[in-house]
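Visitor: Quick one: the structure is below, and I'll ask about it shortly.
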Amino acid sequence: MIPIDTIDSQGLEWSCDGNSICVWDTIGNHFLQIFNSIGVLKQEFSISENELGIQTVAWSPLGEYIAVGGYNQKVWLLNNVTWKPIATFSLKSNITAPRVEILKETPTGSKYLNNQGAFTSEPNITEFEQSLSPATVEKSFSADLSKPELKTGISNISFNADGSLLLCFNENTPNAIWIISVKEMRILSVVQTINPLRKVVWSPVDSEVVSFVTGNSQLYMWKYPAGAYGFHSAADNLEFTQFQWNSNGSSVLLFDKNVFTVATIP
């Protein structure tokens, strides 16, 4: 049994190498403890700001970093030497960080997925306008604190396979993907879609590719520095809300509420 100092712990997460475990506290207390594998306390992390607490935590693949996502729309990176924050990122709609690539979807068409499940090389490709910060994420909103299920702040964070990039989703900007470069310790790219995001994951074979769907008939992908693009199903009435890659990354299973489509990736 390991004693912890949280008021009401909300979650725990083992590091990928199995050497460390972190436990974080209730929404009202911004507090996290890190232990080694036999229960010895390594470090505590807390902030004194009068804000809501920690919502999600993710370890890097080799355990050298731990990413902490807060209800206050911030992400902290802690290293495994001091177990203290080495970088803090604000993922609010007003993007003021320098050199952030902004990609904004435009409704101009897309590549098409034919009836045989293969993507064709149609000239119409979903385009994303490219610019640099400063910028503002459209369709952002403030949280309704009166509702029992609070949707605000950083609800999903995940490292890519080699730990060089960090994918973040902020409930206050439901149509935006935030990509942080761990190597450069900066916000690298923000991808804005027309519709709210429904699922966002890393590619199983390319550590620099993010794939996502938004409830329409398209499968989107992002890669730096190539940008973002979308593939469109030949059936416009489909609404993809979930998808699943196969293990070798050659095809993806796209789910509509009534049917599913198997698509091959060029």
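Ordered as shown in the structure tokens, chains take letters A, B, and onward, while each chain numbers its residues from 1 and ligands are numbered from 1 in the order shown.
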For the contact check between stretch 7-116 of chain A and stretch 177-194 of chain A, emit one row per residue of stretch 7-116 of chain A within 7 Å, containing the shortest atom pair and the distance in Å rounded to one decimal, counting only C-alpha atoms, chain then rising number order, as CSV.
Guide:
residue,atom,partner,partner_atom,distance
A:Ala87,CA,A:Met185,CA,6.8
A:Val100,CA,A:Leu188,CA,5.2
A:Glu101,CA,A:Ser189,CA,4.5
A:Ile102,CA,A:Val190,CA,5.1
A:Leu103,CA,A:Val191,CA,4.7
A:Lys104,CA,A:Gln192,CA,4.7
A:Glu105,CA,A:Thr193,CA,5.1
Visitor: Please provide the set of residues having any atom within 7 Å of stretch 64-67 of chain A, restricted to only C-alpha atoms, with same-chain residues fewer than 5 positions apart removed, written as a list in words.
Guide: Val57, Ala58, Trp59, Val75, Trp76, Leu77, Leu78, Asn79 and Asn80 of chain A
Visitor: Just to be explicit: take each residue in the selection above, keep C-alpha atoms, and write the result as an mmCIF file, in the first residue's frame.
Guide:
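Result went into again30.cif, see below:
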data_model
loop_
_atom_site.group_PDB
_atom_site.id
_atom_site.type_symbol
_atom_site.label_atom_id
_atom_site.label_comp_id
_atom_site.auth_asym_id
_atom_site.auth_seq_id
_atom_site.Cartn_x
_atom_site.Cartn_y
_atom_site.Cartn_z
ATOM 1 C CA VAL A 57 -1.610 13.097 -17.999
ATOM 2 C CA ALA A 58 0.588 11.331 -20.570
ATOM 3 C CA TRP A 59 4.087 9.844 -20.387
ATOM 4 C CA VAL A 75 0.006 22.000 -20.723
ATOM 5 C CA TRP A 76 3.115 21.464 -18.593
ATOM 6 C CA LEU A 77 6.108 19.323 -19.532
ATOM 7 C CA LEU A 78 8.076 17.788 -16.639
ATOM 8 C CA ASN A 79 11.374 15.951 -17.124
ATOM 9 C CA ASN A 80 12.499 12.808 -15.304
#
Visitor: As a ChimeraX atom specification, please: every residue in stretch 34-139 of chain A that a backbone DSSP assignment puts in strand (DSSP E).
Guide: /A:34-36,41-46,54-59,65-70,74-79,85-90,94-95,101-106,111-113,127-132,135-136
Visitor: With N, CA and C atoms retained, export the selected residues as a compact mmCIF listing (two decimals), in the first residue's frame.
Guide:
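Written file, again.txt:
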# COMPACT_ATOMS: atom_id res chain seq x y z
N ILE A 34 4.53 11.99 -7.97
CA ILE A 34 5.23 11.01 -8.79
C ILE A 34 6.01 10.07 -7.87
N PHE A 35 5.81 8.77 -8.05
CA PHE A 35 6.46 7.74 -7.24
C PHE A 35 7.29 6.84 -8.14
N ASN A 36 8.29 6.17 -7.55
CA ASN A 36 8.98 5.13 -8.31
C ASN A 36 8.18 3.83 -8.20
N LEU A 41 8.23 8.30 -2.95
CA LEU A 41 7.86 9.58 -3.55
C LEU A 41 9.08 10.24 -4.19
N LYS A 42 8.97 10.58 -5.47
CA LYS A 42 10.05 11.28 -6.18
C LYS A 42 9.86 12.79 -6.15
N GLN A 43 8.64 13.24 -6.46
CA GLN A 43 8.41 14.68 -6.56
C GLN A 43 6.92 14.97 -6.50
N GLU A 44 6.60 16.20 -6.13
CA GLU A 44 5.23 16.70 -6.15
C GLU A 44 5.18 17.91 -7.07
N PHE A 45 4.07 18.04 -7.77
CA PHE A 45 3.88 19.18 -8.68
C PHE A 45 2.54 19.83 -8.37
N SER A 46 2.57 21.12 -8.13
CA SER A 46 1.34 21.87 -7.88
C SER A 46 1.56 23.30 -8.33
N ILE A 54 -5.88 19.40 -12.59
CA ILE A 54 -5.35 18.56 -13.67
C ILE A 54 -6.46 17.68 -14.23
N GLN A 55 -6.50 17.60 -15.56
CA GLN A 55 -7.52 16.77 -16.21
C GLN A 55 -6.95 15.49 -16.84
N THR A 56 -5.75 15.57 -17.39
CA THR A 56 -5.19 14.41 -18.07
C THR A 56 -3.67 14.43 -18.00
N VAL A 57 -3.06 13.25 -18.10
CA VAL A 57 -1.61 13.10 -18.00
C VAL A 57 -1.15 12.07 -19.04
N ALA A 58 0.02 12.30 -19.63
CA ALA A 58 0.59 11.33 -20.57
C ALA A 58 2.10 11.27 -20.40
N TRP A 59 2.64 10.06 -20.44
CA TRP A 59 4.09 9.84 -20.39
C TRP A 59 4.64 9.74 -21.80
N TYR A 65 9.76 12.28 -20.21
CA TYR A 65 8.89 13.44 -20.00
C TYR A 65 7.51 12.97 -19.54
N ILE A 66 6.86 13.84 -18.81
CA ILE A 66 5.46 13.64 -18.48
C ILE A 66 4.72 14.93 -18.82
N ALA A 67 3.65 14.80 -19.61
CA ALA A 67 2.84 15.95 -20.02
C ALA A 67 1.60 16.01 -19.14
N VAL A 68 1.30 17.19 -18.64
CA VAL A 68 0.17 17.39 -17.73
C VAL A 68 -0.78 18.40 -18.35
N GLY A 69 -2.02 18.00 -18.58
CA GLY A 69 -3.02 18.89 -19.16
C GLY A 69 -4.01 19.35 -18.11
N GLY A 70 -4.25 20.66 -18.05
CA GLY A 70 -5.11 21.22 -17.02
C GLY A 70 -6.45 21.70 -17.55
N LYS A 74 -3.95 24.80 -20.13
CA LYS A 74 -2.49 24.83 -20.17
C LYS A 74 -1.93 23.41 -20.15
N VAL A 75 -0.72 23.27 -20.73
CA VAL A 75 0.01 22.00 -20.72
C VAL A 75 1.39 22.25 -20.13
N TRP A 76 1.78 21.40 -19.20
CA TRP A 76 3.12 21.46 -18.59
C TRP A 76 3.91 20.24 -19.02
N LEU A 77 5.19 20.43 -19.28
CA LEU A 77 6.11 19.32 -19.53
C LEU A 77 7.09 19.22 -18.38
N LEU A 78 7.14 18.05 -17.72
CA LEU A 78 8.08 17.79 -16.64
C LEU A 78 9.11 16.77 -17.13
N ASN A 79 10.37 16.95 -16.73
CA ASN A 79 11.37 15.95 -17.12
C ASN A 79 11.60 14.96 -15.99
N PRO A 85 8.55 21.30 -13.91
CA PRO A 85 8.19 21.79 -15.24
C PRO A 85 9.38 22.44 -15.94
N ILE A 86 9.61 22.05 -17.18
CA ILE A 86 10.64 22.68 -17.99
C ILE A 86 10.02 23.55 -19.08
N ALA A 87 8.70 23.44 -19.28
CA ALA A 87 8.01 24.27 -20.26
C ALA A 87 6.52 24.28 -19.93
N THR A 88 5.88 25.41 -20.20
CA THR A 88 4.44 25.57 -20.02
C THR A 88 3.86 26.16 -21.30
N PHE A 89 2.76 25.59 -21.77
CA PHE A 89 2.13 26.04 -23.01
C PHE A 89 0.68 26.42 -22.74
N SER A 90 0.30 27.61 -23.17
CA SER A 90 -1.09 28.06 -23.09
C SER A 90 -1.76 27.77 -24.42
N ASN A 94 -6.62 32.59 -28.38
CA ASN A 94 -5.80 33.69 -28.85
C ASN A 94 -4.34 33.24 -28.89
N ILE A 95 -3.84 32.88 -30.06
CA ILE A 95 -2.51 32.30 -30.20
C ILE A 95 -1.48 33.41 -30.35
N GLU A 101 2.59 27.50 -36.84
CA GLU A 101 1.95 27.27 -38.13
C GLU A 101 0.44 27.13 -37.91
N ILE A 102 -0.35 27.95 -38.60
CA ILE A 102 -1.81 27.91 -38.51
C ILE A 102 -2.35 27.33 -39.81
N LEU A 103 -3.09 26.23 -39.72
CA LEU A 103 -3.70 25.59 -40.88
C LEU A 103 -5.21 25.61 -40.70
N LYS A 104 -5.91 26.25 -41.62
CA LYS A 104 -7.36 26.44 -41.51
C LYS A 104 -8.05 25.80 -42.71
N GLU A 105 -8.99 24.88 -42.43
CA GLU A 105 -9.69 24.17 -43.49
C GLU A 105 -10.57 25.11 -44.31
N THR A 106 -10.54 24.92 -45.62
CA THR A 106 -11.41 25.69 -46.51
C THR A 106 -12.29 24.71 -47.28
N LYS A 111 -9.92 14.99 -52.21
CA LYS A 111 -9.70 13.74 -52.93
C LYS A 111 -10.88 12.81 -52.64
N TYR A 112 -11.20 11.93 -53.57
CA TYR A 112 -12.37 11.08 -53.39
C TYR A 112 -11.99 9.62 -53.14
N LEU A 113 -12.80 9.00 -52.32
CA LEU A 113 -12.67 7.58 -52.01
C LEU A 113 -13.68 6.84 -52.88
N GLU A 127 -8.39 21.82 -48.94
CA GLU A 127 -7.27 22.72 -48.72
C GLU A 127 -7.31 23.32 -47.32
N PHE A 128 -6.15 23.57 -46.78
CA PHE A 128 -6.01 24.26 -45.50
C PHE A 128 -5.17 25.51 -45.74
N GLU A 129 -5.76 26.66 -45.47
CA GLU A 129 -5.01 27.90 -45.61
C GLU A 129 -3.89 27.94 -44.57
N GLN A 130 -2.73 28.34 -45.00
CA GLN A 130 -1.56 28.35 -44.12
C GLN A 130 -1.16 29.77 -43.78
N SER A 131 -0.91 30.01 -42.50
CA SER A 131 -0.44 31.31 -42.04
C SER A 131 0.39 31.09 -40.78
N LEU A 132 0.87 32.16 -40.19
CA LEU A 132 1.65 32.09 -38.97
C LEU A 132 0.99 32.93 -37.88
N ALA A 135 -2.71 34.56 -34.18
CA ALA A 135 -3.98 34.19 -34.82
C ALA A 135 -4.99 33.87 -33.72
N THR A 136 -6.23 33.69 -34.14
CA THR A 136 -7.30 33.33 -33.21
C THR A 136 -8.04 32.11 -33.73
Visitor: In Å to one decimal, how far is atom CA of A:Ser247 from atom CA of A:Phe169?
Guide: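 A separation of 24.0 Å between them.
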Visitor: Nearest to A:Thr173: which of A:Asn72, A:Ser93, A:Asn195, A:Asn216 is it, counting only C-alpha atoms?
Guide: A:Ser93
Visitor: Using only C-alpha atoms for the distances, tell me which of A:Leu238, A:Val201, A:Val262, A:Ile2 is nearest to A:Ser217.
Guide: A:Leu238
Visitor: Quick check, in Å to one decimal: how far apart do atom CA of A:Lys199 and atom CA of A:Ser133 lie?
Guide: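 Atom-to-atom, atom CA of A:Lys199 to atom CA of A:Ser133, that is 25.2 Å.
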Visitor: Quick check, in Å to one decimal: how far apart do atom CA of A:Leu52 and atom CA of A:Thr214 lie?
Guide: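 Between these atoms lies a distance of 28.2 Å.
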Visitor: Hey, which of A:Ile47, A:Leu62, A:Ala263, A:Ile7 ends up closest to A:Ser20? Count only C-alpha atoms.
Guide: A:Leu62
Visitor: Name the residues in contact with A:Trp202 at a cut-off of 10 Å, using only C-alpha atoms, excluding same-chain residues fewer than 3 positions from it; report them as a list of chain:residue names.
Guide: A:Ser158, A:Phe159, A:Asn160, A:Ala161, A:Leu166, A:Leu167, A:Val205, A:Asp206, A:Ser207, A:Glu208, A:Val209, A:Val210, A:Ser211, A:Phe212, A:Met221, A:Trp222, A:Trp245
Visitor: Kindly indicate which residue among A:Ser203, A:Thr82, A:Gln33, A:Gln73 lies nearest to A:Asn156, using only C-alpha atoms for the distances.
Guide: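 Closest candidate: A:Gln73.
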Visitor: Counting only C-alpha atoms, which of A:Ile27, A:Asp17, A:Gln242, A:Gln218 gets nearest to A:Gly153?
Guide: A:Ile27
